[in-house]
Amino acid sequence: MTRMTRIFKAALYIPAYHTEGKKNPRHPCHPCLKDYLHAEGEPCSSATLVNYHLQNHFIMKQLFFAILFAAFLLPLAAQSPSPGETPACPPKYEVRAAWVTAVYGLDWPRSRATTPEGVRKQKAELIEILDRLKAANFNTVLFQTRTRGDVLYRSKIEPFNSILTGKTAGDPGYDPLAFAVEECHKRGMECHAWMVAIPLGNRRHVTSLGKESVTKKKASICVPYKREYFLNPGHPETKEYLMSLVREVVNNYDVDGMHFDYLRYPENAPRFPDTYDFRKYGKGRDLAQWRRDNITEIVRHLYKGVKALKPWVKVSTCPVGKYRDTSRYPSRGWNAFHTVYQDAQGWLGEGIQDQIYPMLYFRGNHFYPFVLDWQEQSNGRQIIPGLGIYFLDPSEGNWTLDEVERQMNFTRAHKLAGQAHYRVKYLMDNTQGLYDALEENFYTAPALQPAMPWIDNVPPTAPTHLTVTRQPDGYTHLSWMPATDNDKRNVPAYVIYGSDTYPVDTSNPENIIAQRVQGTEYTYAPVRFWTAKRYFAVTAVDRCGNESEACR
C-alpha cells in the first residue's frame with residue numbers, strides 16, 4: 001500500500017477538523033488513528049500523527065473542491081459555450097470556401113510544368129489541396145483564373161501566367177482551369193473561377209508580357225498610376241473587355257461561379273488619371289458618384305452577361321470588408337463606398353450579385369458590426385464573410401485561433417450563408433491548429449450549397465424506385481430511376497444519404513454520404529466495415545441548389 005493511500009484511508013479515522021482559528025477539541029493522537037497506524041506498521045510518534053493529520057487535511061480540501069467543481073462548475077461550463085464550441089450538428093446548407101491563390105505561387109503551384117514529370121507534380125499539388133479540403137468537408141474552391149493581365153486557362157485574349165512554367169506565356173501542356181473544375185466536381189465541390197479585374201501589374205510585369213499585354217492590345221482602356229497599370233473603369237470599353245474574358249470561361253468550362261476580385265479603383269486615388277473620361281462621361285455627377293457608377297455598371301454588365309449564357313453560374317465579388325460607417329460602429333475612414341468606390345450593397349439591392357464575399361480581415365468591433373450590416377442589407381442574397389486566417393501566421397499578424405473560432409460561431413449564430421478562408425496555404429499548414437479545429441469542431445459533416453431561389457425555386461422531381469443490393473465484397477450498390485427538372489440544359493445531380501435507422505433523416509447532414517453524384521447508380525464502399533450504413537435515401541439537386549423530396 002502506498003503512503004498516499006494510507007494517508008487517504010487514515011482520513012476515515014480523523015474526526016472533524018477545527019473551524020478557522022480554533023483547534024480541534026480532540027487531540028491529534030486520536031486512539032482510532034493510532035490503532036490504524038499500528039496495524040499498518042507505521043511509527044506512532046506525536047510528530048508522525050501531526051504530519052498525517054496535516055497531509056490529510058490538505059487532501060480533504062482538494063477532494064472537497066473537486067466535488068464542488070463537478071457538482072456546480074461543470075454544469076455551468078456546459079451551459080456557457082467557449083469560443084471554439086459549436087452546435088452538435090452543423091448546418092446542412094452552408095458555403096465553405098477557400099481561396100486558392102496562384103499569383104506568385106502563393107498557394108499553388110510550387111512545381112513548374114516544363115516536362116511531363118513537372119506537369120504530373122503540378123497536378124498532384126492541386127490534388128493534394130483538393131483532397132484535404134474535401135476531407136474537412138469544404139464544398140467551394142475559389143480558384144484563381146486571372147491574376148494581372150494573364151490567366152490560368154487556354155485563352156485567345158490573354159497569355160498564360162508565368163507561374164505555371166517559369167516563362168511568360170509558356171504553355172504548361174494542360175489546361176489548369178479545366179483540370180481544377182474536373183477534380184473539384186469529382187469530389188462533390190464547386191469550382192468558381194476567381195478573376196482579378198482592374199489591376200494589370202507593375203511596369204516590370206507589363207513589360208514582361210510584351211505584345212501579349214492588354215496595355216499593347218487595348219491601350220485606350222489602360223492607364224498608368226503609381227508605377228502600376230490598371231484598366232480604366234471610366235472607359236465604356238473596359239466592361240466589354242472584361243466580359244470577353246468572362247465569356248471565354250463561362251462558355252468553355254463547367255464552372256459553378258465567376259468570382260471577381262479588385263473590381264474597384266485603387267485605394268485613396270484622388271489623382272487617378274481619369275479626368276478626360278470624367279469630363280466626357282460625367283454628365284453632371286460629382287467625381288465620387290461617377291466612379292461608383294462606373295464600377296456598378298461593370299458589375300451589372302458582367303452579371304447580366306453571365307446570366308444570359310448560363311443562369312445557374314453564380315456571380316460574386318469580394319469587396320472591401322466594411323461597406324461604410326454603420327450605426328453600430330464607424331469604419332474609421334477605410335470602407336468600400338468612399339475609399340475604393342464600391343457600392344456593393346447597392347449591387348445587392350439591385351439584384352446583380354448572387355453572393356458577396358466581403359473581405360472582413362478584421363477583429364473585434366471591426367468585424368462583428370460589419371458582418372451584421374452586410375447580412376441586414378443582403379436583399380436575400382448570400383453573404384459569405386471572408387476570414388483573414390493568414391493573420392494566424394506570426395509573420396502576418398498576431399491573431400490566435402480563438403478569434404477565428406469566435407468569428408465562425410458568430411456567422412453561424414446570425415445565419416450567414418457560410419465562410420470563406422483566405423488563403424488555402426494556412427489551412428494546408430494547419431496554422432495554429434485551424435485545419436484540425438474546422439475538421440473536428442465546425443465542419444464535422446458535409447454541407448450542401450444554399451439555393452438561389454431568385455434564379456430558380458423549383459426543385460427537381462424525386463428520384464424513384466431505389467434499389468439496394470448488398471454485394472459479397474462488402475460494398476452496397478444503389479440504383480434508382482432518374483429525376484427530371486425544369487432546367488432542360490442540366491440533368492439533376494444526386495445526394496446519397498445513409499443511416500442505421502429507417503426512414504433515413506435527410507435533414508441531418510451527418511447522414512450525407514456523397515453529393516453531386518452523376519448518373520443513377522452509386523456504389524457505397526465504407527472505409528471501415530463496422531461503420532457501414534443499413535438504410536439509404538437519394539434526393540435530386542439542380543444547379544441552383546434546389547433539392548427534391550427523398551426516395552427511400
# chains A, B, ... in the order shown; residues from 1 in each chain; ligands from 1
$ residues_around --residues "Asp373 (chain A)" --least-positions-apart "6" --cutoff "12 Å" --atoms "only C-alpha atoms" --output "PyMOL selection string"
chain A and resi 321-331+344-345+358+360+366-367+379+383+385+414+416
$ select_by_dssp --residues "region 267-441 of chain A" --states "strand (DSSP E)" --output "list in words"
Lys314, Val315, Ser316, Thr317, Gln355, Ile356, Met359, Leu360, Gln382, Ile383, Gly386, Leu387, Gly418, Gln419, Ala420 and His421 of chain A
$ closest_residue --among "A:Thr101, A:Thr207, A:Thr461, A:Thr520" --to "Val141 (chain A)" --atoms "only C-alpha atoms"
A:Thr101
$ residues_around --residues "Val151 (chain A)" --least-positions-apart "5" --cutoff "12 Å" --atoms "only C-alpha atoms" --output "VMD selection string"
chain A and resid 102 to 103 143 to 146 156 to 164 168 to 172 175 to 177 193 to 197 200 209 212 to 213 245 to 246 248 to 249
$ select_by_dssp --residues "region 312-444 of chain A" --states "helix (DSSP H, G or I)" --output "PyMOL selection string"
chain A and resi 336-339+344-350+364-366+368-376+389-392+401-413+424-428+431-442
$ closest_atom_pairs --of "region 176-270 of chain A" --to "region 122-137 of chain A" --cutoff "12 Å" --atoms "only C-alpha atoms" --output "tab-separated table"
residue	atom	partner	partner_atom	distance
A:Pro176	CA	A:Lys123	CA	8.2
A:Leu177	CA	A:Leu126	CA	11.1
A:Ala178	CA	A:Lys123	CA	11.5
A:Phe179	CA	A:Lys123	CA	8.0
A:Ala180	CA	A:Leu126	CA	7.7
A:Val181	CA	A:Leu130	CA	10.8
A:Glu182	CA	A:Ile127	CA	10.8
A:Glu183	CA	A:Ile127	CA	7.3
A:Cys184	CA	A:Leu130	CA	6.9
A:His185	CA	A:Leu130	CA	10.4
A:Lys186	CA	A:Leu130	CA	10.0
A:Arg187	CA	A:Lys134	CA	6.6
A:Gly188	CA	A:Lys134	CA	8.2
A:Met189	CA	A:Lys134	CA	7.6
A:Glu190	CA	A:Lys134	CA	11.0
A:Cys191	CA	A:Leu130	CA	10.6
$ residues_around --residues "Glu510 (chain A)" --least-positions-apart "3" --cutoff "10 Å" --atoms "only C-alpha atoms" --output "list in words"
Cys89, Pro90, Pro91, Lys92, Thr444, Ala445, Pro446, Ala447, Tyr497, Gly498, Ser499, Asp505, Thr506, Ser507 and Ile513 of chain A
$ write_last_selection --atoms "N, CA and C atoms" --output "PDB file, in the first residue's frame"
ATOM      1  N   CYS A  89     -24.671  19.666 -34.296  1.00  0.00           N
ATOM      2  CA  CYS A  89     -24.812  19.351 -35.713  1.00  0.00           C
ATOM      3  C   CYS A  89     -24.647  20.636 -36.524  1.00  0.00           C
ATOM      4  N   PRO A  90     -23.720  20.680 -37.480  1.00  0.00           N
ATOM      5  CA  PRO A  90     -23.534  21.888 -38.286  1.00  0.00           C
ATOM      6  C   PRO A  90     -24.691  22.071 -39.265  1.00  0.00           C
ATOM      7  N   PRO A  91     -24.790  23.230 -39.912  1.00  0.00           N
ATOM      8  CA  PRO A  91     -25.888  23.463 -40.861  1.00  0.00           C
ATOM      9  C   PRO A  91     -25.812  22.506 -42.051  1.00  0.00           C
ATOM     10  N   LYS A  92     -26.965  22.131 -42.562  1.00  0.00           N
ATOM     11  CA  LYS A  92     -26.988  21.274 -43.743  1.00  0.00           C
ATOM     12  C   LYS A  92     -26.628  22.055 -44.995  1.00  0.00           C
ATOM     13  N   THR A 444     -17.905  19.187 -39.244  1.00  0.00           N
ATOM     14  CA  THR A 444     -17.900  17.778 -38.859  1.00  0.00           C
ATOM     15  C   THR A 444     -18.773  16.916 -39.756  1.00  0.00           C
ATOM     16  N   ALA A 445     -19.585  17.525 -40.585  1.00  0.00           N
ATOM     17  CA  ALA A 445     -20.439  16.795 -41.528  1.00  0.00           C
ATOM     18  C   ALA A 445     -20.437  17.564 -42.842  1.00  0.00           C
ATOM     19  N   PRO A 446     -20.742  16.904 -43.942  1.00  0.00           N
ATOM     20  CA  PRO A 446     -20.809  17.614 -45.220  1.00  0.00           C
ATOM     21  C   PRO A 446     -21.914  18.673 -45.210  1.00  0.00           C
ATOM     22  N   ALA A 447     -21.848  19.589 -46.156  1.00  0.00           N
ATOM     23  CA  ALA A 447     -22.881  20.612 -46.319  1.00  0.00           C
ATOM     24  C   ALA A 447     -23.208  20.762 -47.795  1.00  0.00           C
ATOM     25  N   TYR A 497     -27.785   9.590 -49.034  1.00  0.00           N
ATOM     26  CA  TYR A 497     -27.842   9.606 -47.575  1.00  0.00           C
ATOM     27  C   TYR A 497     -27.822   8.167 -47.056  1.00  0.00           C
ATOM     28  N   GLY A 498     -27.235   7.976 -45.882  1.00  0.00           N
ATOM     29  CA  GLY A 498     -27.233   6.663 -45.254  1.00  0.00           C
ATOM     30  C   GLY A 498     -27.377   6.781 -43.753  1.00  0.00           C
ATOM     31  N   SER A 499     -28.012   5.770 -43.146  1.00  0.00           N
ATOM     32  CA  SER A 499     -28.243   5.799 -41.705  1.00  0.00           C
ATOM     33  C   SER A 499     -28.464   4.380 -41.203  1.00  0.00           C
ATOM     34  N   ASP A 505     -33.065  10.088 -42.082  1.00  0.00           N
ATOM     35  CA  ASP A 505     -33.356  11.507 -41.856  1.00  0.00           C
ATOM     36  C   ASP A 505     -32.496  12.352 -42.801  1.00  0.00           C
ATOM     37  N   THR A 506     -33.094  12.842 -43.872  1.00  0.00           N
ATOM     38  CA  THR A 506     -32.332  13.621 -44.847  1.00  0.00           C
ATOM     39  C   THR A 506     -32.144  15.075 -44.424  1.00  0.00           C
ATOM     40  N   SER A 507     -32.722  15.460 -43.299  1.00  0.00           N
ATOM     41  CA  SER A 507     -32.478  16.814 -42.788  1.00  0.00           C
ATOM     42  C   SER A 507     -31.189  16.884 -41.977  1.00  0.00           C
ATOM     43  N   ILE A 513     -23.714  10.919 -47.450  1.00  0.00           N
ATOM     44  CA  ILE A 513     -22.604  10.048 -47.839  1.00  0.00           C
ATOM     45  C   ILE A 513     -21.856  10.630 -49.030  1.00  0.00           C
TER      46      ILE A 513
END
$ closest_residue --among "A:Val320, A:Tyr341, A:Ile389, A:Ile384" --to "Met359 (chain A)" --atoms "only C-alpha atoms"
A:Val320
$ closest_residue --among "A:Thr431, A:Asn139, A:Ser244, A:Pro266" --to "Ser155 (chain A)" --atoms "only C-alpha atoms"
A:Ser244
$ atom_distance --atom1 "CA of Tyr357 (chain A)" --atom2 "CA of Arg227 (chain A)"
28.6 Å
$ residues_around --residues "Gly380 (chain A)" --least-positions-apart "4" --cutoff "10 Å" --atoms "only C-alpha atoms" --output "ChimeraX atom specification"
/A:348-349,351,354-355,375-376,452-454
$ residues_around --residues "Tyr93 (chain A)" --least-positions-apart "2" --cutoff "8 Å" --atoms "only C-alpha atoms" --output "list in words"
Pro91, Val95, Ala417, Ala447, Leu448, Gln449 and Pro450 of chain A
$ write_last_selection --atoms "C-alpha atoms" --output "JSON list (two decimals), in the first residue's frame"
[["chain", "number", "residue", "atom", "x", "y", "z"],
["A", 91, "PRO", "CA", -25.89, 23.46, -40.86],
["A", 95, "VAL", "CA", -20.89, 27.67, -48.20],
["A", 417, "ALA", "CA", -24.61, 31.72, -45.84],
["A", 447, "ALA", "CA", -22.88, 20.61, -46.32],
["A", 448, "LEU", "CA", -24.91, 21.26, -49.45],
["A", 449, "GLN", "CA", -24.86, 24.55, -51.31],
["A", 450, "PRO", "CA", -27.57, 27.07, -50.31]]
$ closest_residue --among "A:His465, A:Arg292, A:Arg423, A:Arg534" --to "Cys551 (chain A)" --atoms "only C-alpha atoms"
A:His465
$ closest_residue --among "A:Leu401, A:Phe410, A:Ala420, A:Thr140" --to "Asp436 (chain A)" --atoms "only C-alpha atoms"
A:Leu401
$ closest_residue --among "A:Tyr104, A:Trp334, A:Phe370, A:Trp312" --to "Val255 (chain A)" --atoms "only C-alpha atoms"
A:Trp312
